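A short write-up of the structure that comes next.
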Number of protein chains: 2
Amino acid sequence: MPHSPVRDAPAPKQRVQDEIRRDIISGALSAGTRITEASLGEKYGISRVPVREALHALEAEGFVESKPYAGSTVAAIPVDDADDLFAVREALEAATARRAAKQAAAQFSVGVPDSHWWKTRKDIAEILDSGDAAIEADSLNLLPELNVRFHLGVAELSASASLTALLRQIAGKIEWLYAADVGSRGRQAWNEHRSIMAAIDAGDVSTAEQRMGGHVHQSRTGYMDRFAP
Amino acid sequence: MPHSPVRDAPAPKQRVQDEIRRDIISGALSAGTRITEASLGEKYGISRVPVREALHALEAEGFVESKPYAGSTVAAIPVDDADDLFAVREALEAATARRAAKQAAAQFSVGVPDSHWWKTRKDIAEILDSGDAAIEADSLNLLPELNVRFHLGVAELSASASLTALLRQIAGKIEWLYAADVGSRGRQAWNEHRSIMAAIDAGDVSTAEQRMGGHVHQSRTGYMDRFAP
DNA sequence: TAAGGAGCAATTGTATGCAATGTCACACAT
DNA sequence: ATGTGTGACATTGCATACAATTGCTCCTTA
């Protein structure tokens, strides 16, 4: 494998996909805005093909809508779906936490360790430390992204591609809903993460499930109280 | 709009996408099988581009896995995720049924009727009739597809693009899991559909939610008893 | 004036050619 | 015998060129 000196530059398709999604979440691209492949291609200095693929991927993620031969537009923020999305997320993350705890127990019982599992577990540890540091420095604006990465990390520990893909989809929407906000419940919510990981590490299936479910439920009521009283 | 004589032939991309997905669900393409764009393009008599887009879409749906520059393979059947997928589906469909009932109530209270809503409601009526006819004729093999169409129809009635997209994703996996099976619980499950629609039509939010949740829960226990005793 | 249809411009869908990258076999040193 | 480096090959990623479809403008007409 050729070792890149500093860092692998992401592929053009991935780059524009992330960029467009960022612009949509941040509000730089408002709902209903028409998007053409050619204009974006020129903007980023690449051809229409990668832009096209990025737009289709974003359509699958629910950020843009497109009709054949008619073009793409920025989708509407799913604000009306907030409560239902949280309800689904509650069931979903309870499942990922339960499975993650089961996987953790398996790591210590079987002989051969799963390197991917340990790598992911280590990433989560770093994420938790980064979050604590951010809180210490009053940089609460870093928490939303770290929060998403934590929850996706737990999904990764669950070793279920299906559940991880579902959480990716929902997490994108939730992040979109929180766009204007800067986590007022940030501190308390973050502290619950270590308690969840403790249950997972201990292989305590039902406790992990309960704590994660309660954690998401708190987020849900917090959001609904603030934005839909 | 130019009116096509008999029926609009689907676009090549959509055609191969449906074809490949069908082959994967049916088992004609088994897990781990390597898929190359060129071979499929030649097989269907089209270029690599539509095949490529179809494969990426199927990757988003969870049926294929691909790594950059390395190609695509058929994903593994998510049999280990069955119970968790059903759990998420339970929460998800309870939400769609609740919202569908709310939308139904709105149709009668406000002045202007939503034509899309009524069209979807009519489609569901036809689906239910088709299912009854299939049962009458002992053609139980038609039920799985009609079942998916019914549940997606209810999601459509919910008027939530987010929830509909999530259900599409989960329904695909569930259909995959049921692949070898030919609905032994088919008859009884089908009869519950009219009861669910009655609650939705009446605008009875909580009853619709409960009946749909119970319906999915029955499917879940039925599946787990049969395949994972 | 309003309704309807033909023509046109803009945009997406598809085909082909080239560049970039991962994979695998094989030689070779330890 | 086993691990390691190297090179050719197969396959995907991107660029460019062409075909197909949509939505709109504007003209016609009752």
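In the structure tokens, chains take the letters A, B, ... in the order shown, each chain's residues start at 1, and ligands count up from 1 in the order shown.
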
Inset, instruction - Return the neighbours of chain C among the residues of chain B, cut-off 10 Å, counting only C-alpha atoms (C1' of nucleotides), as an MDAnalysis selection string. - result: chainID B and resid 11:13 46:50 67:71

Let's have the selection written as a JSON list (two decimals), in the first residue's frame, with all heavy atoms.
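See out.json below for the written result:
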```
[["chain", "number", "residue", "atom", "x", "y", "z"],
["B", 11, "ALA", "N", -36.82, 3.49, -16.98],
["B", 11, "ALA", "CA", -35.47, 3.87, -17.40],
["B", 11, "ALA", "C", -34.52, 2.71, -17.15],
["B", 11, "ALA", "O", -34.70, 1.94, -16.20],
["B", 11, "ALA", "CB", -35.02, 5.10, -16.63],
["B", 12, "PRO", "N", -33.49, 2.57, -17.97],
["B", 12, "PRO", "CA", -32.52, 1.49, -17.81],
["B", 12, "PRO", "C", -31.98, 1.36, -16.40],
["B", 12, "PRO", "O", -31.90, 0.27, -15.85],
["B", 12, "PRO", "CB", -31.43, 1.87, -18.81],
["B", 12, "PRO", "CG", -32.13, 2.62, -19.86],
["B", 12, "PRO", "CD", -33.21, 3.38, -19.16],
["B", 13, "LYS", "N", -31.62, 2.50, -15.83],
["B", 13, "LYS", "CA", -31.07, 2.46, -14.48],
["B", 13, "LYS", "C", -32.05, 1.79, -13.52],
["B", 13, "LYS", "O", -31.69, 0.87, -12.79],
["B", 13, "LYS", "CB", -30.76, 3.87, -14.01],
["B", 13, "LYS", "CG", -30.44, 3.98, -12.54],
["B", 13, "LYS", "CD", -30.50, 5.41, -12.09],
["B", 13, "LYS", "CE", -30.59, 5.50, -10.57],
["B", 13, "LYS", "NZ", -30.81, 6.88, -10.13],
["B", 46, "ILE", "N", -26.55, -2.40, -21.95],
["B", 46, "ILE", "CA", -26.40, -0.96, -21.72],
["B", 46, "ILE", "C", -24.98, -0.67, -21.29],
["B", 46, "ILE", "O", -24.19, -1.58, -21.06],
["B", 46, "ILE", "CB", -27.38, -0.46, -20.64],
["B", 46, "ILE", "CG1", -27.13, -1.21, -19.35],
["B", 46, "ILE", "CG2", -28.82, -0.62, -21.12],
["B", 46, "ILE", "CD1", -28.02, -0.76, -18.24],
["B", 47, "SER", "N", -24.67, 0.61, -21.15],
["B", 47, "SER", "CA", -23.30, 0.98, -20.80],
["B", 47, "SER", "C", -23.08, 0.83, -19.29],
["B", 47, "SER", "O", -23.97, 0.48, -18.53],
["B", 47, "SER", "CB", -23.01, 2.40, -21.23],
["B", 47, "SER", "OG", -23.21, 3.29, -20.17],
["B", 48, "ARG", "N", -21.86, 1.12, -18.87],
["B", 48, "ARG", "CA", -21.52, 0.94, -17.46],
["B", 48, "ARG", "C", -22.21, 1.96, -16.57],
["B", 48, "ARG", "O", -22.45, 1.70, -15.40],
["B", 48, "ARG", "CB", -20.01, 1.07, -17.30],
["B", 48, "ARG", "CG", -19.23, -0.18, -17.63],
["B", 48, "ARG", "CD", -17.76, 0.09, -17.47],
["B", 48, "ARG", "NE", -17.50, 0.87, -16.28],
["B", 48, "ARG", "CZ", -16.54, 1.77, -16.16],
["B", 48, "ARG", "NH1", -15.76, 2.01, -17.18],
["B", 48, "ARG", "NH2", -16.37, 2.43, -15.04],
["B", 49, "VAL", "N", -22.49, 3.15, -17.10],
["B", 49, "VAL", "CA", -22.95, 4.24, -16.25],
["B", 49, "VAL", "C", -24.25, 3.93, -15.51],
["B", 49, "VAL", "O", -24.31, 4.07, -14.29],
["B", 49, "VAL", "CB", -23.08, 5.54, -17.07],
["B", 49, "VAL", "CG1", -23.58, 6.66, -16.20],
["B", 49, "VAL", "CG2", -21.74, 5.89, -17.68],
["B", 50, "PRO", "N", -25.31, 3.50, -16.19],
["B", 50, "PRO", "CA", -26.54, 3.19, -15.44],
["B", 50, "PRO", "C", -26.33, 2.04, -14.46],
["B", 50, "PRO", "O", -26.86, 2.08, -13.34],
["B", 50, "PRO", "CB", -27.53, 2.78, -16.53],
["B", 50, "PRO", "CG", -26.95, 3.21, -17.81],
["B", 50, "PRO", "CD", -25.48, 3.32, -17.64],
["B", 67, "LYS", "N", -16.12, -1.18, -2.18],
["B", 67, "LYS", "CA", -14.98, -0.39, -1.73],
["B", 67, "LYS", "C", -14.40, 0.34, -2.93],
["B", 67, "LYS", "O", -14.40, -0.21, -4.04],
["B", 67, "LYS", "CB", -13.92, -1.30, -1.09],
["B", 67, "LYS", "CG", -14.38, -1.93, 0.21],
["B", 67, "LYS", "CD", -13.20, -2.46, 1.02],
["B", 67, "LYS", "CE", -12.32, -3.41, 0.22],
["B", 67, "LYS", "NZ", -11.22, -3.98, 1.03],
["B", 68, "PRO", "N", -13.90, 1.55, -2.71],
["B", 68, "PRO", "CA", -13.39, 2.36, -3.83],
["B", 68, "PRO", "C", -12.35, 1.62, -4.66],
["B", 68, "PRO", "O", -11.42, 1.02, -4.11],
["B", 68, "PRO", "CB", -12.78, 3.57, -3.12],
["B", 68, "PRO", "CG", -13.52, 3.68, -1.84],
["B", 68, "PRO", "CD", -13.86, 2.27, -1.45],
["B", 69, "TYR", "N", -12.52, 1.66, -5.94],
["B", 69, "TYR", "CA", -11.59, 1.06, -6.90],
["B", 69, "TYR", "C", -11.48, -0.46, -6.76],
["B", 69, "TYR", "O", -10.66, -1.07, -7.44],
["B", 69, "TYR", "CB", -10.19, 1.67, -6.78],
["B", 69, "TYR", "CG", -10.10, 3.09, -7.25],
["B", 69, "TYR", "CD1", -10.05, 4.14, -6.35],
["B", 69, "TYR", "CD2", -10.09, 3.37, -8.60],
["B", 69, "TYR", "CE1", -9.97, 5.44, -6.78],
["B", 69, "TYR", "CE2", -10.01, 4.67, -9.05],
["B", 69, "TYR", "CZ", -9.95, 5.71, -8.13],
["B", 69, "TYR", "OH", -9.87, 7.00, -8.57],
["B", 70, "ALA", "N", -12.24, -1.04, -5.85],
["B", 70, "ALA", "CA", -12.07, -2.47, -5.59],
["B", 70, "ALA", "C", -13.27, -3.30, -6.01],
["B", 70, "ALA", "O", -13.20, -4.52, -6.02],
["B", 70, "ALA", "CB", -11.77, -2.71, -4.12],
["B", 71, "GLY", "N", -14.39, -2.67, -6.32],
["B", 71, "GLY", "CA", -15.52, -3.43, -6.81],
["B", 71, "GLY", "C", -16.61, -3.66, -5.78],
["B", 71, "GLY", "O", -16.50, -3.24, -4.63]]
```

Legend entry - Surrounding residues of stretch 198-210 of chain A excluding itself and chain neighbours under 4 positions, 10 Å, only C-alpha atoms (C1' of nucleotides), as a PyMOL selection string: chain A and resi 90-91+93-108+121+154+157+193-194+214-215

Inset, instruction - Pull the helix (DSSP H, G or I) assignments for stretch 20-228 of chain B out of DSSP run on the backbone, and list those residues as a ChimeraX atom specification. - result: /B:20-26,37-44,48-61,79-109,115-136,140-157,161-177,186-201,205-227

Using only C-alpha atoms (C1' of nucleotides) and a distance of at most 12 Å, pull out the residues of chain D that contact chain A, as a PDB file with N, CA, C and O atoms (P, O5', C5', C4', C3', O3' and C1' of nucleotides), in the first residue's frame.
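What follows is the written file iface.pdb:
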```pdb
ATOM      1  P    DG D   5       8.700  -5.411   2.107  1.00  0.00           P
ATOM      2  O5'  DG D   5       9.014  -5.103   0.576  1.00  0.00           O
ATOM      3  C5'  DG D   5      10.333  -5.339   0.075  1.00  0.00           C
ATOM      4  C4'  DG D   5      10.270  -5.670  -1.404  1.00  0.00           C
ATOM      5  C3'  DG D   5       9.638  -4.575  -2.274  1.00  0.00           C
ATOM      6  O3'  DG D   5      10.438  -4.386  -3.420  1.00  0.00           O
ATOM      7  C1'  DG D   5       8.551  -6.637  -2.658  1.00  0.00           C
ATOM      8  P    DG D  13     -15.709   3.385  -7.863  1.00  0.00           P
ATOM      9  O5'  DG D  13     -14.839   4.523  -8.581  1.00  0.00           O
ATOM     10  C5'  DG D  13     -13.837   5.189  -7.825  1.00  0.00           C
ATOM     11  C4'  DG D  13     -13.311   6.384  -8.612  1.00  0.00           C
ATOM     12  C3'  DG D  13     -14.339   7.487  -8.848  1.00  0.00           C
ATOM     13  O3'  DG D  13     -13.738   8.750  -8.576  1.00  0.00           O
ATOM     14  C1'  DG D  13     -13.423   6.784 -10.915  1.00  0.00           C
ATOM     15  P    DC D  14     -14.637  10.058  -8.623  1.00  0.00           P
ATOM     16  O5'  DC D  14     -14.264  10.674 -10.054  1.00  0.00           O
ATOM     17  C5'  DC D  14     -12.922  11.065 -10.296  1.00  0.00           C
ATOM     18  C4'  DC D  14     -12.746  11.421 -11.754  1.00  0.00           C
ATOM     19  C3'  DC D  14     -13.648  12.563 -12.263  1.00  0.00           C
ATOM     20  O3'  DC D  14     -12.823  13.645 -12.664  1.00  0.00           O
ATOM     21  C1'  DC D  14     -13.595  10.731 -13.790  1.00  0.00           C
ATOM     22  P    DA D  15     -13.503  15.021 -13.190  1.00  0.00           P
ATOM     23  O5'  DA D  15     -13.413  14.878 -14.775  1.00  0.00           O
ATOM     24  C5'  DA D  15     -12.135  14.729 -15.368  1.00  0.00           C
ATOM     25  C4'  DA D  15     -12.233  14.650 -16.888  1.00  0.00           C
ATOM     26  C3'  DA D  15     -13.097  15.741 -17.544  1.00  0.00           C
ATOM     27  O3'  DA D  15     -12.410  16.285 -18.657  1.00  0.00           O
ATOM     28  C1'  DA D  15     -13.880  13.589 -18.180  1.00  0.00           C
ATOM     29  P    DT D  16     -12.964  17.619 -19.353  1.00  0.00           P
ATOM     30  O5'  DT D  16     -13.718  17.089 -20.663  1.00  0.00           O
ATOM     31  C5'  DT D  16     -12.988  16.303 -21.608  1.00  0.00           C
ATOM     32  C4'  DT D  16     -13.921  15.582 -22.554  1.00  0.00           C
ATOM     33  C3'  DT D  16     -14.943  16.464 -23.290  1.00  0.00           C
ATOM     34  O3'  DT D  16     -14.750  16.327 -24.692  1.00  0.00           O
ATOM     35  C1'  DT D  16     -15.970  14.516 -22.441  1.00  0.00           C
ATOM     36  P    DA D  20     -32.286   9.426 -28.787  1.00  0.00           P
ATOM     37  O5'  DA D  20     -33.010   9.821 -27.427  1.00  0.00           O
ATOM     38  C5'  DA D  20     -32.646   9.130 -26.235  1.00  0.00           C
ATOM     39  C4'  DA D  20     -33.359   9.760 -25.044  1.00  0.00           C
ATOM     40  C3'  DA D  20     -34.813  10.130 -25.290  1.00  0.00           C
ATOM     41  O3'  DA D  20     -35.584   9.772 -24.160  1.00  0.00           O
ATOM     42  C1'  DA D  20     -33.626  12.036 -24.576  1.00  0.00           C
ATOM     43  P    DT D  21     -37.194   9.711 -24.269  1.00  0.00           P
ATOM     44  O5'  DT D  21     -37.671  10.831 -23.257  1.00  0.00           O
ATOM     45  C5'  DT D  21     -37.129  10.820 -21.940  1.00  0.00           C
ATOM     46  C4'  DT D  21     -37.279  12.182 -21.307  1.00  0.00           C
ATOM     47  C3'  DT D  21     -38.681  12.800 -21.449  1.00  0.00           C
ATOM     48  O3'  DT D  21     -39.300  12.777 -20.167  1.00  0.00           O
ATOM     49  C1'  DT D  21     -36.930  14.406 -21.762  1.00  0.00           C
ATOM     50  P    DT D  22     -40.758  13.422 -19.975  1.00  0.00           P
ATOM     51  O5'  DT D  22     -40.427  14.852 -19.353  1.00  0.00           O
ATOM     52  C5'  DT D  22     -39.516  14.930 -18.272  1.00  0.00           C
ATOM     53  C4'  DT D  22     -39.197  16.384 -17.956  1.00  0.00           C
ATOM     54  C3'  DT D  22     -40.435  17.268 -17.760  1.00  0.00           C
ATOM     55  O3'  DT D  22     -40.333  17.977 -16.548  1.00  0.00           O
ATOM     56  C1'  DT D  22     -38.974  18.244 -19.353  1.00  0.00           C
ATOM     57  P    DG D  23     -41.581  18.599 -15.823  1.00  0.00           P
ATOM     58  O5'  DG D  23     -41.461  20.171 -16.102  1.00  0.00           O
ATOM     59  C5'  DG D  23     -40.220  20.795 -15.847  1.00  0.00           C
ATOM     60  C4'  DG D  23     -40.197  22.180 -16.469  1.00  0.00           C
ATOM     61  C3'  DG D  23     -41.499  22.971 -16.311  1.00  0.00           C
ATOM     62  O3'  DG D  23     -41.181  24.278 -15.859  1.00  0.00           O
ATOM     63  C1'  DG D  23     -40.894  22.795 -18.617  1.00  0.00           C
TER      64       DG D  23
END
```

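Once chain B has been superposed on chain A by least squares across all Cα atoms, the two differ by an RMSD of 0.1 Å.
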
Inset, instruction - Can you check which residues of chain B have any atom within 9 Å of chain A? Use only C-alpha atoms and format it as a ChimeraX atom specification. - result: /B:53,56-57,60-62,78,80-81,84-85,87-92,95-96,160-163,165-166,169-170,173

Inset, instruction - Tell me, as a ChimeraX atom specification, which residues lie within 9 Å of A:Thr33, counting only C-alpha atoms (C1' of nucleotides); anything in the same chain fewer than 4 positions away does not count. - result: /A:29,72-75
